[in-house]
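Asker: Shown below is the structure under consideration.
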Amino acid sequence: MRHNKFSVRTKDITLVLLLVILLFMIVGGCGLFGDIEDETYISEDENLIVVGISQLGSESGWRTANTESVQRVFTKDNGYFMIYNNARQKQENQFKAIRSFISRRVDYIVFAPVVESGWETVLMEAKEAGIPVILMDRSIDVADKSLYTTLVGSNSMEEGEKAGRWLEADLEKKGLSEETVNIVILKGTQGASAQAGRSVGFSAIAGKHANWNILGQEYADFTSAKGKEVMESFLRKYPDIDVVVSQNDDMTFGAIEAIRESGRTVGINGDITIISFDAVREALEMVAAGTINVDIECNPNQGEYLSDVIQRLENGEEVEKEYYVEEDVFTIENVTEELLEERTY
Ligand code: GZL
């Protein structure tokens with residue numbers, strides 16, 4: 001029966017093809033588990049501080065700036081040998097990267113935890129290997145705080161409170177403090193400390209106002225595409241949205257697109273007030289244009305802070321359990337031309 005003979009041949013060809021592809025992936029190390037740098041040999045006499053860095057992904061403009069700030073600092077000229085890994089939003093890839101750093105006996109492990117939970121086992125392995133671990137950007141939820149040396153990042157709860165306090169002041173200024181305010185919230189990656197902190201911080205203020213009506217809050221993964229998709233669903237469900245709280249600028253860009261496509265307007269003279277987080281340059285240009293009402297800064301430039309902490313540790317100095325980067329709140333009043341020109345991200 002011809003087709004059987006034919007189908008057997010197809011199966012053989014498929015099997016061979018799969019084996020070839022698998023072989024290529026194993027031999028070629030094609031980043032199956034995120035982009036692991038080449039296994040470059042570090043000659044001992046270079047006397048460099050070897051730092052393994054697990055970045056959680058490249059989901060937003062903010063993340064790109066955060067990565068650039070780290071890659072700018074951890075260079076050979078500055079006395080470092082950096083092994084960098086992009087985990088592409090997968091905690092499993094961060095586990096693999098951290099274990100690879102341990103097996104290569106790096107001097108320090110720096111990682112931006114994609115979510116708060118699940119780190120105990122791999123960090124215990126780093127502790128048993130005697131390798132200090134430094135958290136970058138986001139925090140983790142572990143009972144044993146000795147599993148990491150310090151955190152260099154942002155106080156996301158404070159960022160959320162800043163957003164709530166700005167809305168209080170804005171409503172006061174407009175004489176709307178007693179009016180019902182319909183709010184929707186675009187939340188970042190589920191389980192990320194940045195998302196949890198901003199949510200808790202904003203809710204702490206919102207809880208004081210019975211007239212603040214949170215119509216809906218959904219996760220939109222800190223991405224523009226998901227932000228647009230979730231905003232479209234909000235617009236279909238809720239015809240009278242007054243305020244959007246969007247936990248990062250990328251989701252804000254998507255949300256504004258959706259609002260405009262629905263025929264409504266945004267910003268200072270618009271139908272819907274936009275509260276955003278991060279304050280990347282592109283968003284600040286929209287603040288200056290009155291499109292985004294306020295942007296709560298989250299400073300991605302953490303490279304210098306991280307290097308400073310490592311130098312202190314190298315000198316045998318004590319370090320704090322956390323270092324928060326400086327951050328501001330931007331509105332049309334303080335986003336100036338020179339600020340935009342000076343902005344490195
Ligand atoms: C905040 C950081 C968040 C940013 C997003 O500290 O973790 O992740 O707000 C990024 O832009 O994706």
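If you're wondering about the labels, chains in the structure tokens are A, B, ... by order shown, residues count from 1 in each chain, ligands from 1 in order shown.
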Please identify every polymer residue within 9 Å of ligand 1, using only C-alpha atoms and all ligand atoms, and present the set as a ChimeraX atom specification.
Answerer: /A:56-64,66,112-114,136-138,153-156,188-189,192-195,221-223,247-251,277-278,280,297-300
Asker: Using only N, CA and C atoms, please write the residues we just selected to a file, as a short mmCIF file (atom, residue, chain, number, x, y, z; two decimals), in the first residue's frame.
Answerer:
```cif
data_model
loop_
_atom_site.label_atom_id
_atom_site.label_comp_id
_atom_site.auth_asym_id
_atom_site.auth_seq_id
_atom_site.Cartn_x
_atom_site.Cartn_y
_atom_site.Cartn_z
N LEU A 56 16.00 39.56 34.09
CA LEU A 56 14.76 38.79 33.95
C LEU A 56 14.20 38.76 32.53
N GLY A 57 14.54 39.77 31.74
CA GLY A 57 13.99 39.76 30.37
C GLY A 57 14.30 41.05 29.64
N SER A 58 13.48 41.33 28.62
CA SER A 58 13.63 42.58 27.87
C SER A 58 12.25 43.07 27.44
N GLU A 59 11.32 43.08 28.42
CA GLU A 59 9.90 43.32 28.16
C GLU A 59 9.53 44.78 27.97
N SER A 60 10.43 45.71 28.38
CA SER A 60 9.99 47.12 28.36
C SER A 60 11.18 48.04 28.12
N GLY A 61 10.84 49.29 27.80
CA GLY A 61 11.90 50.29 27.62
C GLY A 61 12.70 50.46 28.88
N TRP A 62 11.98 50.36 30.01
CA TRP A 62 12.66 50.48 31.30
C TRP A 62 13.69 49.37 31.46
N ARG A 63 13.31 48.16 31.10
CA ARG A 63 14.22 47.00 31.28
C ARG A 63 15.46 47.18 30.41
N THR A 64 15.26 47.67 29.22
CA THR A 64 16.40 47.90 28.32
C THR A 64 17.38 48.87 28.97
N ASN A 66 17.69 49.49 32.13
CA ASN A 66 18.28 48.82 33.31
C ASN A 66 19.45 47.95 32.88
N ALA A 112 17.81 40.04 38.85
CA ALA A 112 16.54 40.77 38.96
C ALA A 112 15.44 39.73 38.97
N PRO A 113 14.86 39.40 40.12
CA PRO A 113 13.90 38.29 40.22
C PRO A 113 12.59 38.60 39.48
N VAL A 114 12.27 37.72 38.55
CA VAL A 114 11.07 37.97 37.72
C VAL A 114 9.80 37.93 38.58
N MET A 136 18.72 42.83 42.19
CA MET A 136 18.68 44.06 41.39
C MET A 136 17.22 44.34 41.02
N ASP A 137 16.80 45.58 41.21
CA ASP A 137 15.50 46.06 40.74
C ASP A 137 14.35 45.57 41.62
N ARG A 138 14.11 44.29 41.67
CA ARG A 138 12.93 43.77 42.37
C ARG A 138 13.35 42.97 43.61
N GLY A 153 17.44 48.62 44.34
CA GLY A 153 16.25 48.70 43.49
C GLY A 153 15.36 49.87 43.86
N SER A 154 14.07 49.67 43.70
CA SER A 154 13.10 50.75 43.93
C SER A 154 12.13 50.33 45.03
N ASN A 155 11.62 51.35 45.72
CA ASN A 155 10.58 51.08 46.71
C ASN A 155 9.22 51.19 46.00
N SER A 156 8.76 50.06 45.47
CA SER A 156 7.57 50.08 44.60
C SER A 156 6.31 50.45 45.38
N GLY A 188 1.27 45.15 36.37
CA GLY A 188 2.42 44.52 35.72
C GLY A 188 2.40 43.01 35.90
N THR A 189 3.54 42.39 35.70
CA THR A 189 3.66 40.93 35.75
C THR A 189 3.15 40.37 37.07
N ALA A 192 5.28 39.78 40.46
CA ALA A 192 6.48 40.62 40.51
C ALA A 192 6.36 41.62 41.65
N SER A 193 7.45 41.85 42.37
CA SER A 193 7.37 42.77 43.53
C SER A 193 6.99 44.18 43.07
N ALA A 194 7.43 44.55 41.86
CA ALA A 194 7.10 45.90 41.37
C ALA A 194 5.59 46.04 41.21
N GLN A 195 4.95 45.01 40.70
CA GLN A 195 3.49 45.03 40.54
C GLN A 195 2.81 44.99 41.89
N ASP A 221 1.24 42.46 32.21
CA ASP A 221 2.62 41.99 31.99
C ASP A 221 3.67 43.05 31.66
N PHE A 222 3.40 44.30 31.96
CA PHE A 222 4.37 45.37 31.70
C PHE A 222 4.66 45.54 30.20
N THR A 223 3.78 45.00 29.33
CA THR A 223 4.06 45.17 27.89
C THR A 223 2.99 46.04 27.24
N GLN A 247 0.76 50.53 35.50
CA GLN A 247 1.96 50.32 36.31
C GLN A 247 3.28 50.34 35.54
N ASN A 248 3.26 50.65 34.26
CA ASN A 248 4.50 51.04 33.58
C ASN A 248 4.19 51.72 32.26
N ASP A 249 5.17 52.46 31.73
CA ASP A 249 4.92 53.27 30.54
C ASP A 249 4.57 52.43 29.32
N ASP A 250 5.16 51.25 29.21
CA ASP A 250 4.85 50.43 28.02
C ASP A 250 3.36 50.07 27.98
N MET A 251 2.80 49.69 29.12
CA MET A 251 1.36 49.39 29.15
C MET A 251 0.56 50.66 28.89
N PHE A 277 3.83 54.82 35.37
CA PHE A 277 5.04 54.59 36.18
C PHE A 277 6.22 54.32 35.25
N ASP A 278 7.37 54.60 35.65
CA ASP A 278 8.68 54.42 35.02
C ASP A 278 9.30 55.75 34.67
N VAL A 280 10.12 56.84 31.48
CA VAL A 280 11.11 56.77 30.39
C VAL A 280 10.92 58.00 29.50
N GLU A 297 8.37 58.15 38.63
CA GLU A 297 9.66 57.63 38.14
C GLU A 297 10.08 56.36 38.86
N CYS A 298 10.66 55.43 38.08
CA CYS A 298 11.32 54.24 38.62
C CYS A 298 12.67 54.24 37.93
N ASN A 299 13.73 54.49 38.69
CA ASN A 299 15.04 54.74 38.10
C ASN A 299 15.75 53.43 37.74
N PRO A 300 16.00 53.19 36.44
CA PRO A 300 16.64 51.93 36.04
C PRO A 300 18.16 51.97 36.16
#
```
Asker: Give the helix (DSSP H, G or I) residues of region 36-264 of chain A, as DSSP finds them on the backbone, and put them as JSON, numbers by chain.
Answerer: {"A": [44, 45, 46, 61, 62, 63, 64, 65, 66, 67, 68, 69, 70, 71, 72, 73, 76, 77, 78, 91, 92, 93, 94, 95, 96, 97, 98, 99, 100, 101, 102, 103, 120, 121, 122, 123, 124, 125, 126, 127, 128, 145, 146, 147, 156, 157, 158, 159, 160, 161, 162, 163, 164, 165, 166, 167, 168, 169, 170, 171, 172, 173, 193, 194, 195, 196, 197, 198, 199, 200, 201, 202, 203, 204, 205, 206, 224, 225, 226, 227, 228, 229, 230, 231, 232, 233, 234, 235, 236, 237, 249, 250, 251, 252, 253, 254, 255, 256, 257, 258, 259, 260, 261]}
Asker: Each residue of region 214-234 of chain A lying at most 9 Å from region 252-259 of chain A should get a row with its shortest atom-to-atom pair and the distance in Å to one decimal, counting only C-alpha atoms; could you produce that, ordered by chain and increasing number, as JSON lines?
Answerer:
```
{"residue": "A:Thr223", "atom": "CA", "partner": "A:Gly254", "partner_atom": "CA", "distance": 8.0}
{"residue": "A:Ser224", "atom": "CA", "partner": "A:Gly254", "partner_atom": "CA", "distance": 4.5}
{"residue": "A:Ala225", "atom": "CA", "partner": "A:Gly254", "partner_atom": "CA", "distance": 5.9}
{"residue": "A:Lys226", "atom": "CA", "partner": "A:Gly254", "partner_atom": "CA", "distance": 7.4}
{"residue": "A:Gly227", "atom": "CA", "partner": "A:Gly254", "partner_atom": "CA", "distance": 5.0}
{"residue": "A:Lys228", "atom": "CA", "partner": "A:Gly254", "partner_atom": "CA", "distance": 4.0}
{"residue": "A:Glu229", "atom": "CA", "partner": "A:Gly254", "partner_atom": "CA", "distance": 7.7}
{"residue": "A:Val230", "atom": "CA", "partner": "A:Ala255", "partner_atom": "CA", "distance": 7.8}
{"residue": "A:Met231", "atom": "CA", "partner": "A:Ala255", "partner_atom": "CA", "distance": 5.3}
{"residue": "A:Glu232", "atom": "CA", "partner": "A:Ala258", "partner_atom": "CA", "distance": 5.7}
```
Asker: Applying 12 Å and only C-alpha atoms, which residues near Asn86 (chain A) remain after dropping the ones on its own chain fewer than 2 positions away? List them as number ranges by chain.
Answerer: A: 31-37, 52-59, 63-64, 67, 83-84, 88-98, 111-114
Asker: Only C-alpha atoms, please: the residues just picked out, written as a CSV table (one decimal), in the first residue's frame.
Answerer:
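In the end it all went to out10.csv:
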```csv
chain,number,residue,atom,x,y,z
A,31,GLY,CA,20.1,30.0,24.0
A,32,LEU,CA,17.6,27.4,24.6
A,33,PHE,CA,17.6,28.6,28.2
A,34,GLY,CA,18.1,32.3,27.6
A,35,ASP,CA,21.1,34.0,26.2
A,36,ILE,CA,24.1,32.5,28.1
A,37,GLU,CA,27.3,34.2,27.2
A,52,GLY,CA,27.2,36.6,37.0
A,53,ILE,CA,24.2,38.7,36.1
A,54,SER,CA,20.7,37.2,35.5
A,55,GLN,CA,18.4,39.8,34.0
A,56,LEU,CA,14.8,38.8,33.9
A,57,GLY,CA,14.0,39.8,30.4
A,58,SER,CA,13.6,42.6,27.9
A,59,GLU,CA,9.9,43.3,28.2
A,63,ARG,CA,14.2,47.0,31.3
A,64,THR,CA,16.4,47.9,28.3
A,67,THR,CA,20.3,46.3,31.3
A,83,ILE,CA,28.7,36.9,32.6
A,84,TYR,CA,25.3,38.0,31.4
A,88,ARG,CA,13.2,35.9,28.9
A,89,GLN,CA,10.7,36.3,31.7
A,90,LYS,CA,11.1,32.6,32.8
A,91,GLN,CA,12.1,31.9,36.5
A,92,GLU,CA,13.3,28.5,35.3
A,93,ASN,CA,15.9,30.2,33.1
A,94,GLN,CA,17.0,32.3,36.1
A,95,PHE,CA,17.5,29.1,38.1
A,96,LYS,CA,19.6,27.7,35.3
A,97,ALA,CA,21.7,30.9,35.0
A,98,ILE,CA,22.3,31.1,38.8
A,111,PHE,CA,19.8,39.0,39.6
A,112,ALA,CA,16.5,40.8,39.0
A,113,PRO,CA,13.9,38.3,40.2
A,114,VAL,CA,11.1,38.0,37.7
```
Asker: Near Gly303 (chain A), within 8 Å and counting only C-alpha atoms, which residues show up once chain neighbours fewer than 4 positions away are dropped, as a ChimeraX atom specification?
Answerer: /A:66,69-74,307
Asker: Save out the residues we just selected, all heavy atoms, as a PDB file, in the first residue's frame.
Answerer:
```pdb
ATOM      1  N   ASN A  66      17.689  49.487  32.128  1.00  0.00           N
ATOM      2  CA  ASN A  66      18.278  48.821  33.310  1.00  0.00           C
ATOM      3  C   ASN A  66      19.446  47.947  32.881  1.00  0.00           C
ATOM      4  O   ASN A  66      20.534  47.986  33.472  1.00  0.00           O
ATOM      5  CB  ASN A  66      17.181  48.002  34.001  1.00  0.00           C
ATOM      6  CG  ASN A  66      17.646  47.301  35.260  1.00  0.00           C
ATOM      7  OD1 ASN A  66      17.638  46.079  35.322  1.00  0.00           O
ATOM      8  ND2 ASN A  66      18.087  48.055  36.250  1.00  0.00           N
ATOM      9  N   SER A  69      22.415  50.021  31.884  1.00  0.00           N
ATOM     10  CA  SER A  69      23.131  50.630  33.024  1.00  0.00           C
ATOM     11  C   SER A  69      24.082  49.608  33.645  1.00  0.00           C
ATOM     12  O   SER A  69      25.163  49.954  34.124  1.00  0.00           O
ATOM     13  CB  SER A  69      22.123  51.124  34.067  1.00  0.00           C
ATOM     14  OG  SER A  69      21.923  50.203  35.110  1.00  0.00           O
ATOM     15  N   VAL A  70      23.706  48.354  33.597  1.00  0.00           N
ATOM     16  CA  VAL A  70      24.548  47.293  34.172  1.00  0.00           C
ATOM     17  C   VAL A  70      25.717  46.977  33.239  1.00  0.00           C
ATOM     18  O   VAL A  70      26.878  46.908  33.648  1.00  0.00           O
ATOM     19  CB  VAL A  70      23.660  46.035  34.405  1.00  0.00           C
ATOM     20  CG1 VAL A  70      24.491  44.791  34.519  1.00  0.00           C
ATOM     21  CG2 VAL A  70      22.784  46.241  35.615  1.00  0.00           C
ATOM     22  N   GLN A  71      25.417  46.887  31.949  1.00  0.00           N
ATOM     23  CA  GLN A  71      26.469  46.521  30.984  1.00  0.00           C
ATOM     24  C   GLN A  71      27.492  47.645  30.837  1.00  0.00           C
ATOM     25  O   GLN A  71      28.655  47.407  30.551  1.00  0.00           O
ATOM     26  CB  GLN A  71      25.828  46.157  29.635  1.00  0.00           C
ATOM     27  CG  GLN A  71      25.020  44.857  29.734  1.00  0.00           C
ATOM     28  CD  GLN A  71      24.366  44.423  28.445  1.00  0.00           C
ATOM     29  OE1 GLN A  71      24.082  45.272  27.594  1.00  0.00           O
ATOM     30  NE2 GLN A  71      24.095  43.127  28.302  1.00  0.00           N
ATOM     31  N   ARG A  72      27.051  48.884  31.115  1.00  0.00           N
ATOM     32  CA  ARG A  72      27.940  50.065  31.046  1.00  0.00           C
ATOM     33  C   ARG A  72      28.970  50.034  32.181  1.00  0.00           C
ATOM     34  O   ARG A  72      30.073  50.522  32.056  1.00  0.00           O
ATOM     35  CB  ARG A  72      27.043  51.309  31.162  1.00  0.00           C
ATOM     36  CG  ARG A  72      27.620  52.580  30.648  1.00  0.00           C
ATOM     37  CD  ARG A  72      26.585  53.717  30.568  1.00  0.00           C
ATOM     38  NE  ARG A  72      25.701  53.855  31.692  1.00  0.00           N
ATOM     39  CZ  ARG A  72      24.360  53.821  31.600  1.00  0.00           C
ATOM     40  NH1 ARG A  72      23.796  53.555  30.432  1.00  0.00           N
ATOM     41  NH2 ARG A  72      23.595  54.000  32.656  1.00  0.00           N
ATOM     42  N   VAL A  73      28.601  49.431  33.292  1.00  0.00           N
ATOM     43  CA  VAL A  73      29.448  49.490  34.498  1.00  0.00           C
ATOM     44  C   VAL A  73      30.336  48.257  34.629  1.00  0.00           C
ATOM     45  O   VAL A  73      31.513  48.362  34.947  1.00  0.00           O
ATOM     46  CB  VAL A  73      28.536  49.629  35.743  1.00  0.00           C
ATOM     47  CG1 VAL A  73      29.300  49.374  37.030  1.00  0.00           C
ATOM     48  CG2 VAL A  73      27.892  51.007  35.761  1.00  0.00           C
ATOM     49  N   PHE A  74      29.786  47.080  34.381  1.00  0.00           N
ATOM     50  CA  PHE A  74      30.551  45.856  34.661  1.00  0.00           C
ATOM     51  C   PHE A  74      31.427  45.496  33.465  1.00  0.00           C
ATOM     52  O   PHE A  74      31.199  44.514  32.758  1.00  0.00           O
ATOM     53  CB  PHE A  74      29.596  44.727  35.062  1.00  0.00           C
ATOM     54  CG  PHE A  74      28.989  44.950  36.420  1.00  0.00           C
ATOM     55  CD1 PHE A  74      27.659  45.344  36.543  1.00  0.00           C
ATOM     56  CD2 PHE A  74      29.754  44.859  37.570  1.00  0.00           C
ATOM     57  CE1 PHE A  74      27.110  45.596  37.793  1.00  0.00           C
ATOM     58  CE2 PHE A  74      29.213  45.106  38.829  1.00  0.00           C
ATOM     59  CZ  PHE A  74      27.885  45.490  38.937  1.00  0.00           C
ATOM     60  N   SER A 307      27.760  48.390  41.506  1.00  0.00           N
ATOM     61  CA  SER A 307      29.225  48.354  41.536  1.00  0.00           C
ATOM     62  C   SER A 307      29.741  48.905  42.858  1.00  0.00           C
ATOM     63  O   SER A 307      30.675  48.353  43.469  1.00  0.00           O
ATOM     64  CB  SER A 307      29.793  49.170  40.369  1.00  0.00           C
ATOM     65  OG  SER A 307      31.201  49.202  40.449  1.00  0.00           O
TER      66      SER A 307
END
```
Asker: Work out how far CA of Ser276 (chain A) is from CA of Ser246 (chain A), in Å to one decimal.
Answerer: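 The value is 5.0 Å.
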Asker: Return as an NGL selection string the full set of residues in region 150-244 of chain A whose backbone-based DSSP assignment is strand (DSSP E).
Answerer: :A and (150-153 or 181-187 or 212-219 or 243-244)
Asker: Residues as selected, N, CA, C and O atoms, written as a tab-separated table (two decimals), in the first residue's frame, can you do that?
Answerer:
```
chain	number	residue	atom	x	y	z
A	150	THR	N	22.15	41.97	49.75
A	150	THR	CA	21.49	43.28	49.70
A	150	THR	C	20.63	43.39	48.45
A	150	THR	O	20.70	42.53	47.56
A	151	LEU	N	19.78	44.42	48.44
A	151	LEU	CA	18.93	44.73	47.27
A	151	LEU	C	19.27	46.13	46.80
A	151	LEU	O	19.37	47.06	47.62
A	152	VAL	N	19.47	46.28	45.50
A	152	VAL	CA	19.59	47.62	44.89
A	152	VAL	C	18.40	47.76	43.96
A	152	VAL	O	18.29	47.03	42.96
A	153	GLY	N	17.44	48.62	44.34
A	153	GLY	CA	16.25	48.70	43.49
A	153	GLY	C	15.36	49.87	43.86
A	153	GLY	O	15.87	50.91	44.26
A	181	VAL	N	-15.18	58.71	41.42
A	181	VAL	CA	-14.11	58.63	40.42
A	181	VAL	C	-13.98	57.16	40.01
A	181	VAL	O	-13.71	56.30	40.85
A	182	ASN	N	-14.24	56.90	38.72
A	182	ASN	CA	-14.15	55.52	38.23
A	182	ASN	C	-12.75	55.22	37.71
A	182	ASN	O	-12.27	55.89	36.79
A	183	ILE	N	-12.11	54.21	38.31
A	183	ILE	CA	-10.68	53.92	38.05
A	183	ILE	C	-10.51	52.50	37.52
A	183	ILE	O	-11.20	51.58	38.00
A	184	VAL	N	-9.64	52.34	36.54
A	184	VAL	CA	-9.19	50.99	36.16
A	184	VAL	C	-7.68	50.93	36.33
A	184	VAL	O	-7.00	51.97	36.22
A	185	ILE	N	-7.19	49.72	36.63
A	185	ILE	CA	-5.75	49.55	36.89
A	185	ILE	C	-5.17	48.48	35.98
A	185	ILE	O	-5.68	47.35	35.92
A	186	LEU	N	-4.10	48.87	35.24
A	186	LEU	CA	-3.33	47.90	34.45
A	186	LEU	C	-2.15	47.48	35.31
A	186	LEU	O	-1.29	48.30	35.64
A	187	LYS	N	-2.12	46.19	35.69
A	187	LYS	CA	-1.07	45.73	36.61
A	187	LYS	C	0.05	45.07	35.82
A	187	LYS	O	-0.17	44.46	34.76
A	212	TRP	N	-13.72	56.69	45.50
A	212	TRP	CA	-12.85	56.17	44.43
A	212	TRP	C	-13.36	54.77	44.12
A	212	TRP	O	-13.29	53.86	44.95
A	213	ASN	N	-13.85	54.61	42.90
A	213	ASN	CA	-14.50	53.35	42.53
A	213	ASN	C	-13.61	52.58	41.56
A	213	ASN	O	-13.53	52.92	40.38
A	214	ILE	N	-12.89	51.56	42.09
A	214	ILE	CA	-12.00	50.78	41.22
A	214	ILE	C	-12.85	49.76	40.46
A	214	ILE	O	-13.27	48.75	40.99
A	215	LEU	N	-13.13	50.09	39.20
A	215	LEU	CA	-14.03	49.28	38.37
A	215	LEU	C	-13.40	47.92	38.06
A	215	LEU	O	-14.07	46.89	38.07
A	216	GLY	N	-12.08	47.93	37.79
A	216	GLY	CA	-11.43	46.67	37.41
A	216	GLY	C	-9.92	46.82	37.45
A	216	GLY	O	-9.39	47.93	37.31
A	217	GLN	N	-9.23	45.69	37.72
A	217	GLN	CA	-7.77	45.71	37.66
A	217	GLN	C	-7.31	44.36	37.11
A	217	GLN	O	-7.75	43.32	37.60
A	218	GLU	N	-6.49	44.42	36.07
A	218	GLU	CA	-6.06	43.20	35.38
A	218	GLU	C	-4.54	43.22	35.17
A	218	GLU	O	-3.96	44.31	34.99
A	219	TYR	N	-3.92	42.03	35.11
A	219	TYR	CA	-2.50	41.96	34.79
A	219	TYR	C	-2.29	42.21	33.31
A	219	TYR	O	-3.02	41.68	32.48
A	243	VAL	N	-10.21	57.47	35.27
A	243	VAL	CA	-8.76	57.41	35.51
A	243	VAL	C	-8.21	56.03	35.16
A	243	VAL	O	-8.85	55.01	35.49
A	244	VAL	N	-7.07	56.01	34.48
A	244	VAL	CA	-6.32	54.77	34.26
A	244	VAL	C	-5.03	54.84	35.09
A	244	VAL	O	-4.28	55.82	34.96
```
Asker: Which residues of region 128-247 of chain A come within 8 Å of region 118-124 of chain A, and what is each one's closest atom pair and distance in Å (one decimal), counting only C-alpha atoms, sorted by chain and residue number, as CSV?
Answerer:
```
residue,atom,partner,partner_atom,distance
A:Glu128,CA,A:Met124,CA,6.1
A:Val133,CA,A:Leu123,CA,7.7
A:Ile140,CA,A:Trp119,CA,7.5
A:Val142,CA,A:Glu120,CA,6.6
A:Leu147,CA,A:Leu123,CA,5.7
A:Tyr148,CA,A:Leu123,CA,7.5
```
Asker: Would you export the selected residues with N, CA, C and O atoms as a compact mmCIF listing (two decimals), in the first residue's frame, please?
Answerer:
```txt
# COMPACT_ATOMS: atom_id res chain seq x y z
N GLU A 128 25.65 28.05 50.10
CA GLU A 128 26.55 26.93 50.42
C GLU A 128 27.85 27.00 49.61
O GLU A 128 28.90 26.55 50.07
N VAL A 133 24.96 37.02 47.00
CA VAL A 133 23.89 37.28 46.03
C VAL A 133 23.34 38.69 46.26
O VAL A 133 23.05 39.07 47.40
N ILE A 140 12.49 39.83 46.69
CA ILE A 140 11.99 38.44 46.77
C ILE A 140 11.37 38.23 48.14
O ILE A 140 11.65 38.97 49.09
N VAL A 142 11.45 35.79 50.91
CA VAL A 142 12.08 34.63 51.57
C VAL A 142 12.11 34.87 53.08
O VAL A 142 12.35 35.99 53.53
N LEU A 147 19.77 34.75 52.72
CA LEU A 147 19.96 34.15 51.38
C LEU A 147 20.41 35.19 50.36
O LEU A 147 20.80 34.85 49.24
N TYR A 148 20.29 36.47 50.72
CA TYR A 148 20.86 37.49 49.83
C TYR A 148 21.52 38.55 50.68
O TYR A 148 21.14 38.79 51.83
```
Asker: Using only C-alpha atoms, which residue out of A:Leu340, A:Ala220, A:Ile131, A:Ile109 lies closest to Ala288 (chain A)?
Answerer: A:Leu340
Asker: Using only C-alpha atoms, which of A:Ile134, A:Asp107, A:Thr149, A:Tyr345 sits nearest Glu318 (chain A)?
Answerer: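 Closest candidate: A:Thr149.
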Asker: So which one's closest to Asp141 (chain A), A:Ala196, A:Val309, A:Met286, A:Leu339? Using only C-alpha atoms, please.
Answerer: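 Ranking A:Ala196, A:Val309, A:Met286, A:Leu339 by distance to Asp141 (chain A), first place goes to A:Ala196.
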Asker: Find the distance between CA of Leu313 (chain A) and CA of Lys127 (chain A) and write it in Å to one decimal.
Answerer: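 Going from CA of Leu313 (chain A) over to CA of Lys127 (chain A), I get 15.5 Å.
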